[in-house]
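*Asks:* This is the content of protein_8.json (JSON, C-alpha atoms):
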```json
[["chain", "number", "residue", "atom", "x", "y", "z"],
["K", 1198, "MET", "CA", 106.93, 17.36, 75.13],
["K", 1199, "ARG", "CA", 104.48, 17.70, 72.28],
["K", 1200, "LYS", "CA", 101.23, 19.44, 73.24],
["K", 1201, "ILE", "CA", 101.32, 23.22, 73.68],
["K", 1202, "GLY", "CA", 98.62, 25.70, 74.62],
["K", 1203, "PHE", "CA", 99.22, 29.23, 73.33],
["K", 1204, "ILE", "CA", 97.21, 32.11, 74.78],
["K", 1205, "GLY", "CA", 97.31, 35.54, 73.13],
["K", 1206, "VAL", "CA", 97.73, 35.22, 69.37],
["K", 1207, "GLY", "CA", 98.43, 38.78, 68.25],
["K", 1208, "VAL", "CA", 100.96, 40.41, 65.92],
["K", 1209, "MET", "CA", 103.88, 38.40, 67.28],
["K", 1210, "GLY", "CA", 101.92, 35.46, 68.63],
["K", 1211, "LYS", "CA", 100.73, 34.33, 65.20],
["K", 1212, "SER", "CA", 104.27, 33.93, 63.91],
["K", 1213, "MET", "CA", 105.32, 32.18, 67.10],
["K", 1214, "VAL", "CA", 102.43, 29.70, 66.77],
["K", 1215, "ARG", "CA", 103.40, 29.04, 63.17],
["K", 1216, "ASN", "CA", 107.02, 28.38, 64.12],
["K", 1217, "LEU", "CA", 105.97, 25.99, 66.88],
["K", 1218, "MET", "CA", 103.81, 24.06, 64.42],
["K", 1219, "LYS", "CA", 106.69, 23.96, 61.95],
["K", 1220, "GLY", "CA", 108.78, 22.54, 64.78],
["K", 1221, "GLY", "CA", 106.39, 19.60, 65.13],
["K", 1222, "PHE", "CA", 104.35, 20.70, 68.13],
["K", 1223, "ASP", "CA", 100.59, 20.25, 68.40],
["K", 1224, "VAL", "CA", 99.40, 23.77, 69.22],
["K", 1225, "SER", "CA", 96.06, 24.74, 70.70],
["K", 1226, "ILE", "CA", 95.28, 28.44, 70.82],
["K", 1227, "TYR", "CA", 93.01, 30.87, 72.60],
["K", 1228, "SER", "CA", 92.59, 34.54, 71.77],
["K", 1229, "ARG", "CA", 89.78, 36.90, 72.70],
["K", 1230, "THR", "CA", 88.64, 37.37, 69.10],
["K", 1231, "LYS", "CA", 88.44, 34.14, 67.14],
["K", 1232, "SER", "CA", 87.89, 35.90, 63.81],
["K", 1233, "LYS", "CA", 91.39, 37.42, 64.05],
["K", 1234, "VAL", "CA", 93.07, 34.00, 64.21],
["K", 1235, "GLU", "CA", 91.14, 32.10, 61.55],
["K", 1236, "ASP", "CA", 94.27, 32.08, 59.40],
["K", 1237, "VAL", "CA", 96.39, 30.12, 61.90],
["K", 1238, "ILE", "CA", 93.43, 27.84, 62.65],
["K", 1239, "SER", "CA", 93.25, 27.03, 58.94],
["K", 1240, "GLU", "CA", 96.98, 26.24, 59.06],
["K", 1241, "GLY", "CA", 96.56, 23.64, 61.80],
["K", 1242, "ALA", "CA", 96.23, 25.35, 65.17],
["K", 1243, "VAL", "CA", 93.36, 23.99, 67.26],
["K", 1244, "TRP", "CA", 90.96, 26.61, 68.60],
["K", 1245, "ARG", "CA", 89.96, 26.47, 72.27],
["K", 1246, "PRO", "CA", 87.11, 28.65, 73.57],
["K", 1247, "ASP", "CA", 88.76, 29.75, 76.82],
["K", 1248, "VAL", "CA", 91.98, 29.81, 78.86],
["K", 1249, "ARG", "CA", 90.93, 26.83, 80.94],
["K", 1250, "SER", "CA", 90.52, 24.42, 78.03],
["K", 1251, "CYS", "CA", 93.63, 25.77, 76.31],
["K", 1252, "ALA", "CA", 95.74, 25.00, 79.39],
["K", 1253, "ALA", "CA", 94.26, 21.64, 80.38],
["K", 1254, "GLY", "CA", 96.18, 18.53, 79.37],
["K", 1255, "LYS", "CA", 99.11, 20.36, 77.79],
["K", 1256, "ASP", "CA", 102.81, 19.70, 78.29],
["K", 1257, "ALA", "CA", 103.45, 23.43, 78.18],
["K", 1258, "VAL", "CA", 101.37, 26.61, 78.10],
["K", 1259, "ILE", "CA", 102.70, 29.85, 76.60],
["K", 1260, "THR", "CA", 101.19, 33.29, 77.07],
["K", 1261, "MET", "CA", 101.78, 36.34, 74.89],
["K", 1262, "VAL", "CA", 99.16, 38.82, 76.05],
["K", 1263, "GLY", "CA", 99.06, 42.60, 76.38],
["K", 1264, "TYR", "CA", 99.36, 43.91, 79.92],
["K", 1265, "PRO", "CA", 100.26, 42.71, 83.43],
["K", 1266, "LYS", "CA", 96.56, 42.66, 84.34],
["K", 1267, "ASP", "CA", 95.98, 40.26, 81.43],
["K", 1268, "VAL", "CA", 98.85, 38.08, 82.63],
["K", 1269, "GLU", "CA", 97.50, 38.01, 86.17],
["K", 1270, "GLU", "CA", 94.02, 37.12, 84.97],
["K", 1271, "ALA", "CA", 95.29, 34.37, 82.65],
["K", 1272, "TYR", "CA", 97.40, 32.71, 85.33],
["K", 1273, "LEU", "CA", 95.74, 33.33, 88.67],
["K", 1274, "ASP", "CA", 91.97, 33.30, 88.06],
["K", 1275, "ARG", "CA", 90.05, 30.19, 89.10],
["K", 1276, "ASP", "CA", 89.55, 29.36, 85.44],
["K", 1277, "GLY", "CA", 93.12, 30.30, 84.63],
["K", 1278, "ILE", "CA", 96.28, 28.46, 83.74],
["K", 1279, "ILE", "CA", 97.69, 27.45, 87.10],
["K", 1280, "GLU", "CA", 94.43, 25.99, 88.41],
["K", 1281, "ASN", "CA", 93.95, 23.96, 85.24],
["K", 1282, "ALA", "CA", 97.45, 23.03, 84.10],
["K", 1283, "THR", "CA", 98.51, 19.43, 84.50],
["K", 1284, "PRO", "CA", 100.96, 18.90, 87.40],
["K", 1285, "GLY", "CA", 104.43, 18.70, 85.90],
["K", 1286, "ALA", "CA", 103.53, 21.03, 83.03],
["K", 1287, "TYR", "CA", 105.60, 24.07, 82.10],
["K", 1288, "VAL", "CA", 104.00, 27.52, 81.91],
["K", 1289, "ILE", "CA", 105.93, 30.19, 80.06],
["K", 1290, "ASP", "CA", 104.91, 33.84, 80.12],
["K", 1291, "MET", "CA", 106.50, 35.57, 77.13],
["K", 1292, "THR", "CA", 104.63, 38.83, 77.70],
["K", 1293, "THR", "CA", 106.68, 41.78, 78.88],
["K", 1294, "SER", "CA", 105.25, 42.15, 82.35],
["K", 1295, "SER", "CA", 106.00, 42.95, 85.98],
["K", 1296, "PRO", "CA", 108.95, 41.17, 87.65],
["K", 1297, "VAL", "CA", 106.99, 41.15, 90.90],
["K", 1298, "LEU", "CA", 104.07, 39.42, 89.18],
["K", 1299, "ALA", "CA", 106.44, 36.88, 87.62],
["K", 1300, "VAL", "CA", 107.63, 35.85, 91.09],
["K", 1301, "LYS", "CA", 104.03, 35.61, 92.33],
["K", 1302, "ILE", "CA", 103.10, 33.34, 89.43],
["K", 1303, "TYR", "CA", 106.19, 31.21, 90.03],
["K", 1304, "MET", "CA", 105.29, 30.70, 93.69],
["K", 1305, "LYS", "CA", 101.64, 29.85, 92.95],
["K", 1306, "ALA", "CA", 102.68, 27.44, 90.21],
["K", 1307, "ARG", "CA", 105.17, 25.69, 92.46],
["K", 1308, "GLU", "CA", 102.42, 25.06, 95.01],
["K", 1309, "ARG", "CA", 100.57, 23.04, 92.36],
["K", 1310, "GLY", "CA", 103.58, 21.20, 90.99],
["K", 1311, "VAL", "CA", 103.76, 23.33, 87.86],
["K", 1312, "PHE", "CA", 107.00, 24.86, 86.56],
["K", 1313, "ALA", "CA", 106.79, 28.57, 85.71],
["K", 1314, "LEU", "CA", 109.19, 30.61, 83.59],
["K", 1315, "ASP", "CA", 109.10, 34.31, 82.78],
["K", 1316, "ALA", "CA", 110.51, 34.57, 79.26],
["K", 1317, "PRO", "CA", 109.90, 37.94, 77.60],
["K", 1318, "VAL", "CA", 111.25, 38.44, 74.11],
["K", 1319, "SER", "CA", 112.87, 41.09, 71.95],
["K", 1320, "GLY", "CA", 113.01, 41.29, 68.17],
["K", 1321, "GLY", "CA", 109.55, 42.48, 67.22],
["K", 1322, "ASP", "CA", 107.42, 41.09, 64.44],
["K", 1323, "VAL", "CA", 110.46, 40.43, 62.26],
["K", 1324, "GLY", "CA", 112.14, 38.29, 64.91],
["K", 1325, "ALA", "CA", 108.90, 36.46, 65.64],
["K", 1326, "LYS", "CA", 108.36, 35.68, 61.95],
["K", 1327, "ASN", "CA", 111.94, 34.51, 61.38],
["K", 1328, "GLY", "CA", 112.23, 32.59, 64.64],
["K", 1329, "THR", "CA", 115.17, 34.76, 65.70],
["K", 1330, "LEU", "CA", 113.81, 36.35, 68.86],
["K", 1331, "SER", "CA", 116.03, 37.09, 71.82],
["K", 1332, "ILE", "CA", 114.47, 35.31, 74.79],
["K", 1333, "MET", "CA", 115.31, 36.30, 78.37],
["K", 1334, "VAL", "CA", 114.31, 33.56, 80.80],
["K", 1335, "GLY", "CA", 113.83, 33.64, 84.56],
["K", 1336, "GLY", "CA", 113.02, 30.59, 86.68],
["K", 1337, "ASP", "CA", 114.51, 27.24, 87.61],
["K", 1338, "ARG", "CA", 117.42, 26.12, 85.47],
["K", 1339, "GLU", "CA", 115.95, 22.63, 85.15],
["K", 1340, "ALA", "CA", 112.72, 24.04, 83.72],
["K", 1341, "PHE", "CA", 114.68, 26.24, 81.33],
["K", 1342, "ASP", "CA", 116.64, 23.23, 80.08],
["K", 1343, "ALA", "CA", 113.47, 21.16, 79.65],
["K", 1344, "CYS", "CA", 111.89, 23.88, 77.50],
["K", 1345, "GLN", "CA", 114.82, 24.21, 75.10],
["K", 1346, "PRO", "CA", 112.97, 22.48, 72.23],
["K", 1347, "ILE", "CA", 110.25, 25.14, 72.49],
["K", 1348, "PHE", "CA", 112.66, 28.05, 72.68],
["K", 1349, "ALA", "CA", 114.64, 26.68, 69.72],
["K", 1350, "CYS", "CA", 111.57, 27.15, 67.50],
["K", 1351, "LEU", "CA", 111.16, 30.76, 68.54],
["K", 1352, "GLY", "CA", 114.55, 32.35, 69.03],
["K", 1353, "LYS", "CA", 118.28, 32.29, 68.43],
["K", 1354, "ASN", "CA", 119.56, 34.11, 71.49],
["K", 1355, "VAL", "CA", 118.02, 32.25, 74.43],
["K", 1356, "ILE", "CA", 119.60, 32.95, 77.81],
["K", 1357, "HIS", "CA", 118.78, 31.84, 81.34],
["K", 1358, "GLU", "CA", 118.99, 35.01, 83.40],
["K", 1359, "GLY", "CA", 118.51, 33.55, 86.88],
["K", 1360, "ASN", "CA", 115.67, 33.09, 89.35],
["K", 1361, "ALA", "CA", 112.01, 33.92, 88.75],
["K", 1362, "GLY", "CA", 111.56, 37.56, 87.73],
["K", 1363, "THR", "CA", 115.02, 38.00, 86.24],
["K", 1364, "GLY", "CA", 113.73, 37.46, 82.72],
["K", 1365, "GLN", "CA", 111.40, 40.40, 83.18],
["K", 1366, "HIS", "CA", 114.12, 42.54, 84.77],
["K", 1367, "THR", "CA", 116.38, 41.82, 81.79],
["K", 1368, "LYS", "CA", 113.58, 42.83, 79.42],
["K", 1369, "MET", "CA", 113.24, 46.08, 81.35],
["K", 1370, "ALA", "CA", 116.94, 46.73, 80.71],
["K", 1371, "ASN", "CA", 116.26, 46.02, 77.02],
["K", 1372, "GLN", "CA", 113.37, 48.48, 76.91],
["K", 1373, "ILE", "CA", 115.42, 51.11, 78.73],
["K", 1374, "ALA", "CA", 118.18, 50.83, 76.11],
["K", 1375, "LEU", "CA", 115.57, 50.84, 73.34],
["K", 1376, "ALA", "CA", 114.26, 54.25, 74.42],
["K", 1377, "GLY", "CA", 117.55, 55.92, 73.60],
["K", 1378, "ALA", "CA", 118.07, 53.89, 70.43],
["K", 1379, "ILE", "CA", 114.72, 54.57, 68.76],
["K", 1380, "SER", "CA", 114.66, 58.24, 69.74],
["K", 1381, "GLY", "CA", 118.25, 58.66, 68.53],
["K", 1382, "VAL", "CA", 117.40, 57.20, 65.12],
["K", 1383, "CYS", "CA", 114.35, 59.46, 64.81],
["K", 1384, "GLU", "CA", 116.39, 62.52, 65.71],
["K", 1385, "ALA", "CA", 119.11, 61.60, 63.20],
["K", 1386, "VAL", "CA", 116.56, 61.02, 60.43],
["K", 1387, "GLU", "CA", 114.71, 64.26, 61.04],
["K", 1388, "TYR", "CA", 117.91, 66.28, 61.48],
["K", 1389, "SER", "CA", 119.19, 64.95, 58.15],
["K", 1390, "ARG", "CA", 115.96, 65.84, 56.40],
["K", 1391, "ARG", "CA", 115.91, 69.39, 57.75],
["K", 1392, "VAL", "CA", 119.52, 70.18, 56.84],
["K", 1393, "GLY", "CA", 119.00, 68.89, 53.31],
["K", 1394, "LEU", "CA", 120.78, 65.53, 53.36],
["K", 1395, "ASP", "CA", 119.56, 62.55, 51.39],
["K", 1396, "VAL", "CA", 118.37, 60.52, 54.36],
["K", 1397, "GLN", "CA", 118.98, 57.12, 52.79],
["K", 1398, "THR", "CA", 122.53, 58.11, 51.89],
["K", 1399, "MET", "CA", 123.06, 59.24, 55.47],
["K", 1400, "LEU", "CA", 121.80, 55.91, 56.79],
["K", 1401, "ASP", "CA", 124.02, 53.99, 54.38],
["K", 1402, "SER", "CA", 126.96, 56.03, 55.61],
["K", 1403, "VAL", "CA", 126.50, 55.67, 59.37],
["K", 1404, "SER", "CA", 124.62, 52.41, 59.91],
["K", 1405, "GLN", "CA", 127.75, 50.25, 59.67],
["K", 1406, "GLY", "CA", 129.76, 52.42, 62.04],
["K", 1407, "ALA", "CA", 129.64, 53.16, 65.73],
["K", 1408, "ALA", "CA", 126.13, 54.64, 65.46],
["K", 1409, "GLY", "CA", 124.69, 51.52, 63.85],
["K", 1410, "SER", "CA", 121.96, 49.59, 65.66],
["K", 1411, "TRP", "CA", 119.11, 47.15, 65.13],
["K", 1412, "GLN", "CA", 116.74, 50.09, 65.25],
["K", 1413, "MET", "CA", 118.64, 51.92, 62.54],
["K", 1414, "SER", "CA", 118.84, 48.87, 60.28],
["K", 1415, "ASN", "CA", 115.25, 47.69, 60.75],
["K", 1416, "MET", "CA", 113.12, 50.65, 61.78],
["K", 1417, "ALA", "CA", 114.68, 53.51, 59.81],
["K", 1418, "PRO", "CA", 113.74, 51.94, 56.44],
["K", 1419, "ARG", "CA", 110.14, 51.72, 57.63],
["K", 1420, "MET", "CA", 110.24, 55.36, 58.69],
["K", 1421, "LEU", "CA", 111.44, 56.46, 55.25],
["K", 1422, "LYS", "CA", 108.59, 54.57, 53.58],
["K", 1423, "GLY", "CA", 106.04, 56.10, 55.94],
["K", 1424, "ASP", "CA", 105.34, 52.58, 57.22],
["K", 1425, "PHE", "CA", 104.17, 52.99, 60.80],
["K", 1426, "ALA", "CA", 102.30, 49.69, 61.06],
["K", 1427, "PRO", "CA", 102.93, 48.00, 64.40],
["K", 1428, "GLY", "CA", 105.65, 45.45, 64.73],
["K", 1429, "PHE", "CA", 105.40, 46.56, 68.34],
["K", 1430, "PHE", "CA", 102.59, 48.85, 69.49],
["K", 1431, "ILE", "CA", 103.30, 52.24, 71.03],
["K", 1432, "LYS", "CA", 100.66, 51.48, 73.67],
["K", 1433, "HIS", "CA", 102.54, 48.34, 74.70],
["K", 1434, "TYR", "CA", 105.86, 50.14, 74.84],
["K", 1435, "ILE", "CA", 104.28, 52.76, 77.10],
["K", 1436, "LYS", "CA", 103.25, 49.88, 79.36],
["K", 1437, "ASP", "CA", 106.81, 48.54, 79.37],
["K", 1438, "MET", "CA", 108.39, 51.90, 80.13],
["K", 1439, "ASN", "CA", 105.99, 52.49, 83.00],
["K", 1440, "ILE", "CA", 106.99, 49.13, 84.50],
["K", 1441, "ALA", "CA", 110.66, 50.06, 84.06],
["K", 1442, "VAL", "CA", 110.17, 53.45, 85.70],
["K", 1443, "ALA", "CA", 108.34, 51.88, 88.65],
["K", 1444, "GLU", "CA", 111.10, 49.30, 89.14],
["K", 1445, "ALA", "CA", 113.77, 52.00, 88.83],
["K", 1446, "GLU", "CA", 112.04, 54.10, 91.47],
["K", 1447, "ARG", "CA", 111.99, 51.07, 93.76],
["K", 1448, "VAL", "CA", 115.81, 50.98, 93.62],
["K", 1449, "SER", "CA", 116.18, 54.79, 93.73],
["K", 1450, "LEU", "CA", 117.30, 55.23, 90.12],
["K", 1451, "ASN", "CA", 116.30, 58.27, 88.07],
["K", 1452, "MET", "CA", 116.17, 57.49, 84.33],
["K", 1453, "GLY", "CA", 116.09, 60.78, 82.43],
["K", 1454, "ILE", "CA", 116.10, 59.35, 78.90],
["K", 1455, "VAL", "CA", 113.33, 56.82, 79.54],
["K", 1456, "ASN", "CA", 111.16, 59.42, 81.27],
["K", 1457, "HIS", "CA", 111.58, 61.82, 78.33],
["K", 1458, "VAL", "CA", 110.85, 59.20, 75.67],
["K", 1459, "LEU", "CA", 107.89, 57.96, 77.71],
["K", 1460, "SER", "CA", 106.44, 61.47, 77.78],
["K", 1461, "MET", "CA", 106.71, 61.72, 73.98],
["K", 1462, "TYR", "CA", 104.97, 58.41, 73.43],
["K", 1463, "GLU", "CA", 102.26, 59.25, 75.96],
["K", 1464, "GLU", "CA", 101.56, 62.50, 74.09],
["K", 1465, "MET", "CA", 101.24, 60.50, 70.87],
["K", 1466, "ALA", "CA", 98.88, 58.03, 72.53],
["K", 1467, "GLU", "CA", 96.74, 60.91, 73.78],
["K", 1468, "LYS", "CA", 96.43, 61.99, 70.13],
["K", 1469, "GLY", "CA", 95.16, 58.54, 69.14],
["K", 1470, "MET", "CA", 98.43, 57.02, 67.88],
["K", 1471, "GLY", "CA", 98.82, 54.24, 70.44],
["K", 1472, "ASP", "CA", 98.13, 51.53, 67.88],
["K", 1473, "LEU", "CA", 101.00, 52.62, 65.62],
["K", 1474, "GLY", "CA", 104.41, 50.98, 65.75],
["K", 1475, "THR", "CA", 107.20, 52.41, 67.88],
["K", 1476, "GLN", "CA", 108.96, 53.71, 64.74],
["K", 1477, "ALA", "CA", 106.14, 56.25, 64.47],
["K", 1478, "LEU", "CA", 108.01, 58.30, 67.07],
["K", 1479, "LEU", "CA", 109.37, 60.06, 63.98],
["K", 1480, "LYS", "CA", 105.96, 61.75, 63.73],
["K", 1481, "TYR", "CA", 106.64, 63.45, 67.06],
["K", 1482, "TYR", "CA", 109.76, 65.10, 65.67],
["K", 1483, "GLN", "CA", 107.83, 66.07, 62.57],
["K", 1484, "GLY", "CA", 105.15, 67.76, 64.67],
["K", 1485, "PHE", "CA", 102.72, 64.86, 64.25]]
```
Let me see the file written as structure tokens.
*Replies:*
Amino acid sequence: MRKIGFIGVGVMGKSMVRNLMKGGFDVSIYSRTKSKVEDVISEGAVWRPDVRSCAAGKDAVITMVGYPKDVEEAYLDRDGIIENATPGAYVIDMTTSSPVLAVKIYMKARERGVFALDAPVSGGDVGAKNGTLSIMVGGDREAFDACQPIFACLGKNVIHEGNAGTGQHTKMANQIALAGAISGVCEAVEYSRRVGLDVQTMLDSVSQGAAGSWQMSNMAPRMLKGDFAPGFFIKHYIKDMNIAVAEAERVSLNMGIVNHVLSMYEEMAEKGMGDLGTQALLKYYQGF
């Protein structure tokens, strides 16, 4: 396995493409705006003008796009991945998307002799850059095993979750837990500021104890610097939480924390903050 097509080269996708090239893969890329990926083209990625040509003739095709509708278009259109992938190829959707759609893609791919995996990731831009993403994979075990050289370039915690769709369900669980974690850090930071604590001293005191978390260690420092650049867009997290809520409703589960955090982020998006990073939730507690 040597030739990879990579579709959707955004904040995280660029680092993932770079790590695949460092791992010795020949990577062709397609993104809607070529000017935004000139840097990775100059580093060795081969530009393709559309999804069809990016998928054709590749050993594996990876997608890292924005929304379920983008995933569906990329895979299921006549000029999309499944119709143009080589039989025997592996197609790996690393977008956080719908579990139902993941199963649909798997079934369509199987009809054409293509092996589909849903493999959403966690770890943000830092994990993508360092090649330390957590990767949650649904699909056939044999396909998962065959794609290990690819996953090894991208992540450190790579787990086969089960059948098609289970990768996406696991990512939903991740995003559900994230809602409480990021909002809890924001509340702790703003509480400390208002009662007169030195916020950095507070973080140094509690981050190594029971309250410590990835969000506290990685996002709180950005908050204190006023760095709200997106490692992960608010607008994409809203998408994820809406998928999680829909899946929870399907199994008759009411998720109070997720619904509350979702409402806060949606209010921020309505005020034009959807392109900020999730750590910008602090602004909500500060009254925007």
*Asks:* Could you please determine the separation between atom CA of Gly1220 of chain K and atom CA of Arg1199 of chain K in Å, to one decimal place?
*Replies:*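 About the pair atom CA of Gly1220 of chain K and atom CA of Arg1199 of chain K: they are 9.9 Å apart.
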*Asks:* Pull the closest atom pair for each residue of segment 1230-1281 of chain K that gets at most 12 Å from segment 1411-1433 of chain K, along with the distance in Å to one decimal, counting all atoms listed in the file, ordering rows by chain and then ascending residue number, as JSON lines.
*Replies:*
```
{"residue": "K:Val1262", "atom": "CA", "partner": "K:His1433", "partner_atom": "CA", "distance": 10.2}
{"residue": "K:Gly1263", "atom": "CA", "partner": "K:His1433", "partner_atom": "CA", "distance": 6.9}
{"residue": "K:Tyr1264", "atom": "CA", "partner": "K:His1433", "partner_atom": "CA", "distance": 7.5}
{"residue": "K:Pro1265", "atom": "CA", "partner": "K:His1433", "partner_atom": "CA", "distance": 10.6}
```
*Asks:* How close does segment 1227-1266 of chain K get to segment 1343-1364 of chain K? List, as CSV, each residue of segment 1227-1266 of chain K within 12 Å, its nearest atom pair and the distance in Å to one decimal, counting all atoms listed in the file.
*Replies:*
```
residue,atom,partner,partner_atom,distance
K:Asp1256,CA,K:Cys1344,CA,10.0
K:Ala1257,CA,K:Cys1344,CA,8.5
K:Val1258,CA,K:Ile1347,CA,10.6
K:Ile1259,CA,K:Ile1347,CA,9.8
```
*Asks:* Given only C-alpha atoms as the basis, pick out the residue of K:Ile1435, K:Val1243, K:Val1392, K:Ala1385 nearest to Glu1463 of chain K.
*Replies:*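 The answer is K:Ile1435, which sits nearest to Glu1463 of chain K.
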*Asks:* Just give me the gap between atom CA of Met1218 of chain K and atom CA of Arg1275 of chain K in Å, one decimal is fine.
*Replies:*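 Value for the atom CA of Met1218 of chain K-atom CA of Arg1275 of chain K distance: 28.9 Å.
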*Asks:* Which residue out of K:Gly1469, K:Gly1393, K:Gly1310, K:Gly1205 has the minimum interatomic distance to Ala1271 of chain K when only C-alpha atoms are used?
*Replies:* K:Gly1205
*Asks:* Report, in Å with one decimal, the straight-line distance from atom CA of Val1311 of chain K to atom CA of Asn1281 of chain K.
*Replies:*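 Between these atoms lies a distance of 10.2 Å.
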